[in-house]
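Peer 1: The structure that follows is given in the form of structure tokens.
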Amino acid sequence: AHLGEMVYDHLFKLAPNVTSLFTKSREYMAIKMGDMLCMLVSFADDPDNMKQQVSWLGLRHVNYKVRPHHIPLMGPVFMTVLAEASGEYWTEEMEKCWGIVFNMVCENMSEAIQDGEDYALS
């Protein structure tokens, strides 16, 4: 939950206009964010399944009025939070690996959200 709170704090500093997209409590959203990070770690050795989970996550975010252009904000936010939380233990290798994961997450979520919006319009 603490990492989730850090994510939201950084996100709202970076893009205060997105706060209106978050209608649930900060505590609830922080736990969900922590759950999402755990999901990413749990599928680290199964990239196809990770992509599927992320696509489903993206489709759910259509219901929350998240647009594809919102998603790229999250990669740098996550990277900053993970680096801060890791402190002196954060390495270039960790940054590289997490960067690959978040690029995939952003790409797949944005695509799923766009697909969901396109489907809703057809």
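Chain labels follow the order of the structure tokens: the first chain is A, the next B, and so on; residue numbering restarts at 1 in every chain, and ligands are counted from 1 in their shown order.
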Can you tell me, as JSON, numbers by chain, what residues are no more than 12 Å from Val105 of chain A when counting only C-alpha atoms, ignoring any on the same chain fewer than 4 positions away?
Peer 2: {"A": [36, 37, 39, 40, 47, 48, 50, 51, 52, 53, 54, 55, 56, 57, 58, 68, 71, 72, 73, 74, 75, 78, 98, 99, 100, 101, 109, 110, 111, 112, 113]}
Peer 1: Could you list, as JSON, numbers by chain, every residue within 9 Å of His10 of chain A, counting only C-alpha atoms and ignoring same-chain residues fewer than 5 positions away?
Peer 2: {"A": [5, 15, 77, 78, 80, 81]}
Peer 1: Using N, CA and C atoms, can you export the residues from the last selection as an mmCIF file, in the first residue's frame?
Peer 2:
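Output contents, as saved in again34.cif:
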```
data_model
loop_
_atom_site.group_PDB
_atom_site.id
_atom_site.type_symbol
_atom_site.label_atom_id
_atom_site.label_comp_id
_atom_site.auth_asym_id
_atom_site.auth_seq_id
_atom_site.Cartn_x
_atom_site.Cartn_y
_atom_site.Cartn_z
ATOM 1 N N GLU A 5 0.676 4.444 -2.501
ATOM 2 C CA GLU A 5 0.514 5.837 -2.087
ATOM 3 C C GLU A 5 1.592 6.722 -2.701
ATOM 4 N N ALA A 15 0.839 15.372 -12.793
ATOM 5 C CA ALA A 15 -0.351 15.659 -13.602
ATOM 6 C C ALA A 15 -1.570 15.839 -12.706
ATOM 7 N N VAL A 77 6.464 7.674 -13.528
ATOM 8 C CA VAL A 77 6.042 7.733 -12.120
ATOM 9 C C VAL A 77 6.477 6.459 -11.396
ATOM 10 N N PHE A 78 6.187 5.303 -11.996
ATOM 11 C CA PHE A 78 6.593 4.038 -11.383
ATOM 12 C C PHE A 78 8.105 3.958 -11.220
ATOM 13 N N THR A 80 10.300 6.329 -10.902
ATOM 14 C CA THR A 80 10.734 7.233 -9.837
ATOM 15 C C THR A 80 10.435 6.626 -8.471
ATOM 16 N N VAL A 81 9.246 6.099 -8.308
ATOM 17 C CA VAL A 81 8.840 5.528 -7.020
ATOM 18 C C VAL A 81 9.684 4.302 -6.673
#
```
Peer 1: Would you mind reading off the distance between atom CA of Ala1 of chain A and atom CA of Ile31 of chain A, one decimal, in Å?
Peer 2: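 Atom-to-atom, atom CA of Ala1 of chain A and atom CA of Ile31 of chain A are spaced 4.6 Å apart.
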Peer 1: What's the 10 Å shell around Leu82 of chain A, counting only C-alpha atoms, without same-chain residues fewer than 2 positions away, as a list of chain:residue names?
Peer 2: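 The contact residues come out as A:Leu3, A:Met6, A:Val7, A:Pro76, A:Val77, A:Phe78, A:Met79, A:Thr80, A:Glu84, A:Ala85, A:Ser86, A:Gly87, A:Trp90, A:Met94, A:Glu95, A:Trp98.
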Peer 1: Segment 8-99 of chain A: which residues are helix (DSSP H, G or I) by DSSP, as an NGL selection string?
Peer 2: :A and (8-14 or 16-21 or 26-42 or 47-62 or 68-89 or 92-99)
